[in-house]
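Source file: final12.tsv; contents: TSV, N, CA and C atoms.
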```
chain	number	residue	atom	x	y	z
G	1	VAL	N	-2.05	3.24	12.81
G	1	VAL	CA	-0.81	2.79	12.22
G	1	VAL	C	0.34	3.19	13.13
G	2	CYS	N	1.20	2.24	13.41
G	2	CYS	CA	2.39	2.50	14.23
G	2	CYS	C	3.62	2.42	13.35
G	3	ILE	N	4.51	3.36	13.51
G	3	ILE	CA	5.74	3.32	12.72
G	3	ILE	C	6.93	3.54	13.62
G	4	GLY	N	8.07	3.07	13.19
G	4	GLY	CA	9.29	3.23	13.96
G	4	GLY	C	10.31	2.19	13.57
G	5	ALA	N	11.51	2.40	13.97
G	5	ALA	CA	12.60	1.52	13.56
G	5	ALA	C	12.87	0.40	14.56
G	6	HIS	N	12.32	0.46	15.75
G	6	HIS	CA	12.64	-0.52	16.78
G	6	HIS	C	11.58	-1.60	16.87
G	7	LEU	N	12.00	-2.85	16.78
G	7	LEU	CA	11.10	-3.99	16.91
G	7	LEU	C	10.92	-4.30	18.39
G	8	ASN	N	9.67	-4.41	18.84
G	8	ASN	CA	9.40	-4.72	20.23
G	8	ASN	C	8.94	-6.17	20.35
G	9	ASN	N	9.86	-7.04	20.74
G	9	ASN	CA	9.53	-8.46	20.92
G	9	ASN	C	9.72	-8.91	22.37
G	10	LYS	N	9.77	-7.96	23.28
G	10	LYS	CA	10.05	-8.28	24.69
G	10	LYS	C	9.05	-9.26	25.28
G	11	SER	N	7.79	-9.19	24.87
G	11	SER	CA	6.79	-10.10	25.43
G	11	SER	C	6.98	-11.53	24.93
G	12	LEU	N	7.75	-11.71	23.88
G	12	LEU	CA	7.96	-13.05	23.32
G	12	LEU	C	9.23	-13.72	23.82
G	13	ILE	N	10.20	-12.93	24.21
G	13	ILE	CA	11.53	-13.45	24.53
G	13	ILE	C	11.52	-14.50	25.64
G	14	ASN	N	10.67	-14.34	26.64
G	14	ASN	CA	10.64	-15.30	27.75
G	14	ASN	C	9.38	-16.16	27.75
G	15	GLY	N	8.68	-16.19	26.63
G	15	GLY	CA	7.44	-16.95	26.55
G	15	GLY	C	7.57	-18.22	25.75
G	16	PRO	N	6.46	-18.90	25.50
G	16	PRO	CA	6.48	-20.19	24.81
G	16	PRO	C	6.89	-20.11	23.34
G	17	LEU	N	6.88	-18.92	22.76
G	17	LEU	CA	7.27	-18.78	21.35
G	17	LEU	C	8.73	-18.39	21.18
G	18	LYS	N	9.47	-18.38	22.27
G	18	LYS	CA	10.87	-17.97	22.22
G	18	LYS	C	11.67	-18.74	21.17
G	19	SER	N	11.42	-20.02	21.05
G	19	SER	CA	12.17	-20.84	20.09
G	19	SER	C	11.81	-20.53	18.64
G	20	LYS	N	10.74	-19.79	18.43
G	20	LYS	CA	10.29	-19.44	17.08
G	20	LYS	C	10.83	-18.09	16.62
G	21	ILE	N	11.63	-17.44	17.46
G	21	ILE	CA	12.20	-16.14	17.12
G	21	ILE	C	13.51	-16.36	16.37
G	22	ASN	N	13.64	-15.72	15.22
G	22	ASN	CA	14.88	-15.75	14.47
G	22	ASN	C	15.91	-14.94	15.25
G	23	PRO	N	17.02	-15.55	15.68
G	23	PRO	CA	17.98	-14.82	16.52
G	23	PRO	C	18.65	-13.63	15.81
G	24	GLN	N	18.75	-13.68	14.50
G	24	GLN	CA	19.37	-12.58	13.77
G	24	GLN	C	18.45	-11.36	13.67
G	25	SER	N	17.17	-11.58	13.42
G	25	SER	CA	16.25	-10.45	13.19
G	25	SER	C	15.38	-10.13	14.40
G	26	GLY	N	15.17	-11.11	15.30
G	26	GLY	CA	14.27	-10.91	16.42
G	26	GLY	C	12.81	-11.09	16.06
G	27	ARG	N	12.55	-11.54	14.85
G	27	ARG	CA	11.17	-11.71	14.37
G	27	ARG	C	10.75	-13.19	14.42
G	28	LEU	N	9.43	-13.40	14.45
G	28	LEU	CA	8.90	-14.76	14.49
G	28	LEU	C	8.97	-15.41	13.12
G	29	THR	N	9.39	-16.66	13.09
G	29	THR	CA	9.40	-17.44	11.86
G	29	THR	C	7.97	-17.86	11.56
G	30	VAL	N	7.52	-17.59	10.34
G	30	VAL	CA	6.16	-17.95	9.92
G	30	VAL	C	6.23	-18.76	8.63
G	31	ASN	N	5.18	-19.54	8.40
G	31	ASN	CA	5.10	-20.30	7.15
G	31	ASN	C	4.44	-19.44	6.07
G	32	ASN	N	4.11	-20.05	4.96
G	32	ASN	CA	3.53	-19.30	3.83
G	32	ASN	C	2.07	-18.94	4.03
G	33	TYR	N	1.51	-19.30	5.19
G	33	TYR	CA	0.15	-18.90	5.55
G	33	TYR	C	0.17	-17.91	6.71
G	34	LEU	N	1.37	-17.41	7.04
G	34	LEU	CA	1.60	-16.46	8.11
G	34	LEU	C	1.32	-17.04	9.49
G	35	GLN	N	1.34	-18.37	9.58
G	35	GLN	CA	1.22	-19.05	10.86
G	35	GLN	C	2.60	-19.16	11.47
G	36	VAL	N	2.68	-18.94	12.77
G	36	VAL	CA	3.96	-19.13	13.45
G	36	VAL	C	4.37	-20.58	13.25
G	37	ASP	N	5.61	-20.77	12.88
G	37	ASP	CA	6.14	-22.08	12.56
G	37	ASP	C	5.78	-23.11	13.64
G	38	GLY	N	5.04	-24.14	13.23
G	38	GLY	CA	4.66	-25.21	14.15
G	38	GLY	C	3.31	-25.03	14.83
G	39	TYR	N	2.62	-23.92	14.58
G	39	TYR	CA	1.33	-23.65	15.22
G	39	TYR	C	0.28	-23.35	14.15
G	40	GLU	N	-0.84	-24.03	14.19
G	40	GLU	CA	-1.91	-23.78	13.22
G	40	GLU	C	-2.71	-22.54	13.57
G	41	ASN	N	-2.87	-22.24	14.85
G	41	ASN	CA	-3.78	-21.17	15.27
G	41	ASN	C	-3.08	-19.95	15.85
G	42	ILE	N	-1.80	-19.78	15.57
G	42	ILE	CA	-1.09	-18.58	15.99
G	42	ILE	C	-0.48	-17.95	14.74
G	43	PHE	N	-0.81	-16.69	14.52
G	43	PHE	CA	-0.35	-15.98	13.33
G	43	PHE	C	0.51	-14.80	13.73
G	44	ALA	N	1.38	-14.40	12.84
G	44	ALA	CA	2.18	-13.20	13.05
G	44	ALA	C	2.14	-12.38	11.76
G	45	VAL	N	1.84	-11.10	11.91
G	45	VAL	CA	1.80	-10.19	10.76
G	45	VAL	C	2.57	-8.92	11.10
G	46	GLY	N	2.94	-8.21	10.08
G	46	GLY	CA	3.63	-6.94	10.29
G	46	GLY	C	5.08	-7.13	10.66
G	47	ASP	N	5.61	-6.19	11.40
G	47	ASP	CA	7.04	-6.17	11.72
G	47	ASP	C	7.51	-7.39	12.49
G	48	ILE	N	6.66	-8.01	13.27
G	48	ILE	CA	7.09	-9.15	14.09
G	48	ILE	C	7.23	-10.42	13.25
G	49	ALA	N	6.66	-10.45	12.05
G	49	ALA	CA	6.72	-11.63	11.19
G	49	ALA	C	7.94	-11.59	10.29
G	50	GLU	N	8.63	-12.69	10.23
G	50	GLU	CA	9.81	-12.85	9.38
G	50	GLU	C	9.30	-13.26	7.99
G	51	LYS	N	8.78	-12.30	7.24
G	51	LYS	CA	8.19	-12.67	5.95
G	51	LYS	C	8.61	-11.75	4.81
G	52	GLU	N	8.51	-10.44	4.99
G	52	GLU	CA	8.83	-9.53	3.89
G	52	GLU	C	9.23	-8.17	4.44
G	53	GLU	N	9.45	-7.23	3.55
G	53	GLU	CA	9.85	-5.89	3.98
G	53	GLU	C	8.88	-5.34	5.02
G	54	LYS	N	9.37	-4.45	5.85
G	54	LYS	CA	8.59	-3.94	6.98
G	54	LYS	C	7.98	-2.58	6.64
G	55	PHE	N	6.77	-2.63	6.07
G	55	PHE	CA	6.01	-1.43	5.73
G	55	PHE	C	4.59	-1.60	6.26
G	56	ALA	N	4.01	-0.52	6.74
G	56	ALA	CA	2.67	-0.58	7.32
G	56	ALA	C	1.64	-1.12	6.34
G	57	PHE	N	1.72	-0.72	5.07
G	57	PHE	CA	0.71	-1.20	4.13
G	57	PHE	C	0.82	-2.71	3.91
G	58	LEU	N	2.04	-3.27	4.04
G	58	LEU	CA	2.17	-4.73	3.92
G	58	LEU	C	1.59	-5.43	5.14
G	59	ALA	N	1.73	-4.83	6.31
G	59	ALA	CA	1.10	-5.39	7.51
G	59	ALA	C	-0.41	-5.46	7.32
G	60	GLY	N	-0.97	-4.44	6.70
G	60	GLY	CA	-2.41	-4.44	6.41
G	60	GLY	C	-2.80	-5.55	5.46
G	61	GLU	N	-1.98	-5.77	4.44
G	61	GLU	CA	-2.25	-6.86	3.49
G	61	GLU	C	-2.15	-8.22	4.17
G	62	GLN	N	-1.16	-8.37	5.03
G	62	GLN	CA	-1.02	-9.62	5.77
G	62	GLN	C	-2.23	-9.85	6.68
G	63	ALA	N	-2.68	-8.80	7.34
G	63	ALA	CA	-3.83	-8.91	8.24
G	63	ALA	C	-5.09	-9.29	7.47
G	64	LYS	N	-5.28	-8.73	6.29
G	64	LYS	CA	-6.44	-9.09	5.46
G	64	LYS	C	-6.39	-10.58	5.10
G	65	TYR	N	-5.22	-11.04	4.74
G	65	TYR	CA	-5.07	-12.45	4.37
G	65	TYR	C	-5.43	-13.35	5.56
G	66	VAL	N	-4.87	-13.05	6.72
G	66	VAL	CA	-5.13	-13.87	7.91
G	66	VAL	C	-6.60	-13.81	8.30
G	67	ALA	N	-7.21	-12.64	8.18
G	67	ALA	CA	-8.64	-12.50	8.52
G	67	ALA	C	-9.51	-13.40	7.65
G	68	LYS	N	-9.11	-13.64	6.42
G	68	LYS	CA	-9.85	-14.56	5.55
G	68	LYS	C	-9.52	-16.02	5.85
G	69	LEU	N	-8.32	-16.27	6.32
G	69	LEU	CA	-7.88	-17.64	6.59
G	69	LEU	C	-8.47	-18.22	7.88
G	70	ILE	N	-8.60	-17.41	8.91
G	70	ILE	CA	-9.08	-17.90	10.21
G	70	ILE	C	-10.43	-18.60	10.12
G	71	PRO	N	-11.44	-18.01	9.47
G	71	PRO	CA	-12.73	-18.73	9.39
G	71	PRO	C	-12.64	-20.05	8.63
G	72	LEU	N	-11.76	-20.13	7.64
G	72	LEU	CA	-11.59	-21.38	6.90
G	72	LEU	C	-11.01	-22.47	7.80
G	73	ILE	N	-10.04	-22.10	8.60
G	73	ILE	CA	-9.46	-23.05	9.54
G	73	ILE	C	-10.51	-23.49	10.56
G	74	HIS	N	-11.27	-22.54	11.06
G	74	HIS	CA	-12.31	-22.84	12.05
G	74	HIS	C	-13.34	-23.82	11.50
G	75	ARG	N	-13.70	-23.65	10.23
G	75	ARG	CA	-14.70	-24.53	9.60
G	75	ARG	C	-14.07	-25.75	8.93
G	76	LYS	N	-12.75	-25.91	9.12
G	76	LYS	CA	-12.01	-27.05	8.55
G	76	LYS	C	-12.15	-27.12	7.03
G	77	LYS	N	-12.10	-25.95	6.40
G	77	LYS	CA	-12.14	-25.85	4.94
G	77	LYS	C	-10.72	-25.84	4.38
G	78	ALA	N	-10.62	-26.01	3.09
G	78	ALA	CA	-9.30	-25.99	2.44
G	78	ALA	C	-8.69	-24.59	2.54
G	79	TYR	N	-7.39	-24.57	2.72
G	79	TYR	CA	-6.68	-23.29	2.78
G	79	TYR	C	-6.68	-22.64	1.39
G	80	PRO	N	-6.68	-21.31	1.36
G	80	PRO	CA	-6.55	-20.61	0.07
G	80	PRO	C	-5.10	-20.72	-0.40
G	81	LYS	N	-4.80	-20.09	-1.51
G	81	LYS	CA	-3.40	-20.11	-1.95
G	81	LYS	C	-2.55	-19.40	-0.91
G	82	GLU	N	-1.29	-19.73	-0.90
G	82	GLU	CA	-0.37	-19.17	0.08
G	82	GLU	C	-0.27	-17.66	-0.05
G	83	TYR	N	0.09	-17.01	1.05
G	83	TYR	CA	0.29	-15.57	1.04
G	83	TYR	C	1.39	-15.24	0.04
G	84	GLN	N	1.14	-14.26	-0.80
G	84	GLN	CA	2.10	-13.85	-1.81
G	84	GLN	C	2.92	-12.69	-1.29
G	85	VAL	N	4.22	-12.89	-1.16
G	85	VAL	CA	5.11	-11.83	-0.71
G	85	VAL	C	5.18	-10.75	-1.79
G	86	HIS	N	5.07	-9.50	-1.36
G	86	HIS	CA	5.15	-8.37	-2.28
G	86	HIS	C	6.61	-8.00	-2.53
G	87	THR	N	6.89	-7.64	-3.74
G	87	THR	CA	8.25	-7.21	-4.07
G	87	THR	C	8.20	-5.76	-4.51
G	88	ASN	N	9.30	-5.07	-4.32
G	88	ASN	CA	9.35	-3.64	-4.71
G	88	ASN	C	9.53	-3.52	-6.21
```

Could I get this file's structure written as structure tokens?
Amino acid sequence: VCIGAHLNNKSLINGPLKSKINPQSGRLTVNNYLQVDGYENIFAVGDIAEKEEKFAFLAGEQAKYVAKLIPLIHRKKAYPKEYQVHTN
């Protein structure tokens, strides 16, 4: 588990996903399946994803969701229900 207040997006700033970074937060825009906006096979979870509060346990929940979604996409199966954002 990594913790800290600083978001490290340096590897994204000059790459092909630059246009998917929210300029206000520095995080990647994702859809309700945690896919980077406009990409079916690129996911963002944890602090880099523009989805919900930034807590390590939520990153774990997001990772579990994506881990279940990837095989469905690979086998061209129906997507499960959308990722549910946790509220405090």

**Request:** Looking only at strand (DSSP E or B) from DSSP on the backbone, list the matching residues of range 12-81 of chain G as a list of chain:residue names.
**Result:**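 So, restricting range 12-81 of chain G to strand (DSSP E or B), we get G:Ile21, G:Leu28, G:Thr29, G:Val30, G:Gln35, G:Val36, G:Phe43, G:Ala49, G:Glu50.
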
**Message:** Please list as a PyMOL selection string every residue within 12 Å of range 28-41 of chain G, counting only C-alpha atoms and excluding residues in the same chain fewer than 2 positions away.
**Reply:** chain G and resi 7-9+12-13+16-26+43-52+59+61-74+76+79-85

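Coordinates place CA of His86 in chain G at a distance of 21.8 Å from CA of Ile42 in chain G.
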
**Message:** Can you pull out every residue from chain G that DSSP, working from the backbone, puts in alpha helix (DSSP H), and format the result as a ChimeraX atom specification?
**Reply:** /G:10-13,56-74
